[in-house]
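Asker: Pasting in a structure now, in structure tokens, and then I'll have a few things to ask.
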There are 2 protein chains.
Amino acid sequence: MSITPKGEARRQALLDAVLRVLEKGGPSAVTHRAVAAEAGVPLAAATYYFDDLDDLLVSALRRATEQQLDLFAPLAGARLGDFARALLDYTHTHRAEAIAQYELLFMAMRRDSLKGDAELWYGALDDAVRAATGDRLDEARRRGVSWAVDGLILHMLWRGEPSNVEAVEGALRDILGPQSPRDPRDPT
Amino acid sequence: MSITPKGEARRQALLDAVLRVLEKGGPSAVTHRAVAAEAGVPLAAATYYFDDLDDLLVSALRRATEQQLDLFAPLAGARLGDFARALLDYTHTHRAEAIAQYELLFMAMRRDSLKGDAELWYGALDDAVRAATGDRLDEARRRGVSWAVDGLILHMLWRGEPSNVEAVEGALRDILGPQSPRDPRDPT
DNA sequence: TCCTTTTTGGTACAATAGTACCAAAAAGGA
DNA sequence: TCCTTTTTGGTACTATTGTACCAAAAAGGA
């Protein structure tokens, strides 16, 4: 029968629990017992669905990255406000996933097998920036904007600011600089 | 007698060892035993000089942050090339300290007592950007540039690129945008 | 010099954590 | 239905780790 719906649900519950534990206590807090407790399942469940602790952690980080990618995927041709909203969604509504994603980035610094996942995320960020700025920026300049958005995300994660759409839009304008109109579709 | 020169040296050796262990294995690898082994001192030394493991870790992260601040301190009025060199120094020569500093940033996300250290770093980054760009940028725009430099640093840390002064200078120009001259002091 | 304080380093203990194990239960498929 | 496979959850074992302890050594100060 190979896989059970209920079993799959439990597996997902464990992955979710990893993110919550990670957000609250950092990487070193991610233990079989802590995750199982957070997910409300017995200890053995955490060892049954994953080869070992590393597998559990990495699986959770990869899943979080995929989920975050979806937030930016539908941004093609979007206005600046939509991009700002996506950023807020990324750093506030899905804060645990965002933190997980950056933890994965740091793990990628010392483990080549994770580099691909990191590339995936930065590729998506580039695409989103491209989509939101249209063809107003050349490739070189867009590279700088992507770095700035990355820095902005980091800032939003640890400071909690900016915390509303207008403020994030303002931040994005500061990044794009004075030569860009207030909104690509609204050249007021 | 309160403190011994040799004892102080050993204390510093332990803090250095923390950074190396952290760079290699991440936060969860930082154990009394691993640090003591890396520093070449007996286990008990790691418990003698610090209250507990958390004290050891946080002390090391704080020290790394202070050291990194020094890299950007003497940048007042510097040219873009000097800033690029400082970034390379930061991410390559002092990679372990840089990683430690970002680990501290992530710890600050869940511990208020570390927020001040994080502010310190970002304040220094802002100052450095201000010093390197002179008065060519207004405050809002400078904010965007600081975020971009932060993102660039992250990129340099996990990708290792750009890895030479010219390339970093190019990256900085991509960040500053087309409206800025190649160099503030060299308006070729 | 003698005395006090600090440092050393080896050892031991208790807590935590990773993982194996297994008998019972549940879930499909034939 | 019966049989096989998967899942469950409790338990136990072992490794790792944080931390306490202590006697000996070293390091100043009087």
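Scheme for the structure tokens: letters A, B, ... for chains in order shown; per-chain residue numbers from 1; ligand numbers from 1 in order shown.
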Residues of chain B within 12 Å of chain D, counting only C-alpha atoms (C1' of nucleotides), what are they? List them as a PyMOL selection string.
Answerer: chain B and resi 1-7+28-34+43-44+46-48+50-54
Asker: Please, could you write that set of residues out with N, CA and C atoms as an mmCIF file, in the first residue's frame?
Answerer:
data_model
loop_
_atom_site.group_PDB
_atom_site.id
_atom_site.type_symbol
_atom_site.label_atom_id
_atom_site.label_comp_id
_atom_site.auth_asym_id
_atom_site.auth_seq_id
_atom_site.Cartn_x
_atom_site.Cartn_y
_atom_site.Cartn_z
ATOM 1 N N MET B 1 44.179 38.980 43.009
ATOM 2 C CA MET B 1 44.937 39.272 41.771
ATOM 3 C C MET B 1 43.983 39.379 40.582
ATOM 4 N N SER B 2 42.878 38.833 40.772
ATOM 5 C CA SER B 2 41.711 39.034 39.882
ATOM 6 C C SER B 2 41.824 38.541 38.431
ATOM 7 N N ILE B 3 42.951 38.778 37.778
ATOM 8 C CA ILE B 3 43.035 38.232 36.415
ATOM 9 C C ILE B 3 44.471 38.067 35.969
ATOM 10 N N THR B 4 44.708 36.991 35.270
ATOM 11 C CA THR B 4 46.050 36.641 34.846
ATOM 12 C C THR B 4 46.208 36.832 33.339
ATOM 13 N N PRO B 5 47.345 37.339 32.888
ATOM 14 C CA PRO B 5 47.557 37.526 31.446
ATOM 15 C C PRO B 5 47.388 36.216 30.675
ATOM 16 N N LYS B 6 47.966 35.174 31.210
ATOM 17 C CA LYS B 6 47.870 33.881 30.538
ATOM 18 C C LYS B 6 46.415 33.387 30.507
ATOM 19 N N GLY B 7 45.728 33.649 31.619
ATOM 20 C CA GLY B 7 44.328 33.252 31.673
ATOM 21 C C GLY B 7 43.503 33.999 30.642
ATOM 22 N N SER B 28 24.747 24.278 16.412
ATOM 23 C CA SER B 28 24.562 23.070 17.201
ATOM 24 C C SER B 28 25.872 22.328 17.409
ATOM 25 N N ALA B 29 26.899 22.729 16.695
ATOM 26 C CA ALA B 29 28.202 22.075 16.866
ATOM 27 C C ALA B 29 28.993 22.710 17.997
ATOM 28 N N VAL B 30 28.519 23.840 18.469
ATOM 29 C CA VAL B 30 29.241 24.551 19.526
ATOM 30 C C VAL B 30 28.954 23.906 20.885
ATOM 31 N N THR B 31 29.817 22.999 21.277
ATOM 32 C CA THR B 31 29.715 22.345 22.582
ATOM 33 C C THR B 31 30.987 22.646 23.360
ATOM 34 N N HIS B 32 30.898 22.496 24.664
ATOM 35 C CA HIS B 32 32.086 22.714 25.484
ATOM 36 C C HIS B 32 33.260 21.896 24.963
ATOM 37 N N ARG B 33 32.979 20.664 24.687
ATOM 38 C CA ARG B 33 34.063 19.759 24.278
ATOM 39 C C ARG B 33 34.653 20.120 22.930
ATOM 40 N N ALA B 34 33.776 20.424 21.982
ATOM 41 C CA ALA B 34 34.269 20.770 20.651
ATOM 42 C C ALA B 34 35.115 22.039 20.701
ATOM 43 N N LEU B 43 38.794 20.320 28.726
ATOM 44 C CA LEU B 43 37.371 20.610 28.816
ATOM 45 C C LEU B 43 37.035 21.611 29.905
ATOM 46 N N ALA B 44 37.658 21.429 31.052
ATOM 47 C CA ALA B 44 37.294 22.259 32.199
ATOM 48 C C ALA B 44 37.558 23.738 31.955
ATOM 49 N N ALA B 46 36.818 25.420 29.403
ATOM 50 C CA ALA B 46 35.661 26.030 28.735
ATOM 51 C C ALA B 46 34.540 26.330 29.724
ATOM 52 N N THR B 47 34.566 25.627 30.827
ATOM 53 C CA THR B 47 33.530 25.890 31.834
ATOM 54 C C THR B 47 34.043 26.842 32.909
ATOM 55 N N TYR B 48 35.353 26.943 33.009
ATOM 56 C CA TYR B 48 35.923 27.801 34.040
ATOM 57 C C TYR B 48 35.779 29.277 33.702
ATOM 58 N N PHE B 50 33.620 30.717 31.576
ATOM 59 C CA PHE B 50 32.296 31.197 31.191
ATOM 60 C C PHE B 50 31.230 30.515 32.041
ATOM 61 N N ASP B 51 30.227 31.274 32.355
ATOM 62 C CA ASP B 51 29.179 30.767 33.245
ATOM 63 C C ASP B 51 28.590 29.458 32.735
ATOM 64 N N ASP B 52 28.186 29.489 31.491
ATOM 65 C CA ASP B 52 27.625 28.282 30.879
ATOM 66 C C ASP B 52 27.832 28.355 29.367
ATOM 67 N N LEU B 53 27.302 27.396 28.674
ATOM 68 C CA LEU B 53 27.536 27.314 27.238
ATOM 69 C C LEU B 53 26.992 28.542 26.514
ATOM 70 N N ASP B 54 25.857 29.004 26.954
ATOM 71 C CA ASP B 54 25.259 30.170 26.314
ATOM 72 C C ASP B 54 26.157 31.387 26.473
#
Asker: Write out as a list in words every residue belonging to chain B that has an atom at most 6 Å from any atom of chain A, counting only C-alpha atoms.
Answerer: Ser28, Met109, Ala140, Arg141, Gly144, Trp147, Ala148, Asp150, Gly151, Leu152, Trp158, Asp174 and Ile175 of chain B
Asker: Determine the nearest neighbour of chain C from the options B:Val165, B:Ala73, B:Ala45, B:Ala124, counting only C-alpha atoms (C1' of nucleotides).
Answerer: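 Of B:Val165, B:Ala73, B:Ala45, B:Ala124, the one nearest chain C, counting only C-alpha atoms (C1' of nucleotides), is B:Ala45.
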Asker: Please identify all residues of chain C having at least one atom at most 9 Å from any atom of chain A, considering only C-alpha atoms (C1' of nucleotides), and return them as an MDAnalysis selection string.
Answerer: chainID C and resid 17:19 27:29
Asker: Please compute the CA of Ala64 in chain B-CA of Gln101 in chain B distance, one decimal, in Å.
Answerer: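 Those two atoms sit 6.4 Å apart.
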Asker: Considering only C-alpha atoms (C1' of nucleotides), state which residue in the set B:Tyr49, B:Ala86, B:Ala39, B:Arg62 is at the smallest distance from DT7 in chain C.
Answerer: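 Going through B:Tyr49, B:Ala86, B:Ala39, B:Arg62 one by one, the smallest distance to DT7 in chain C is for B:Tyr49.
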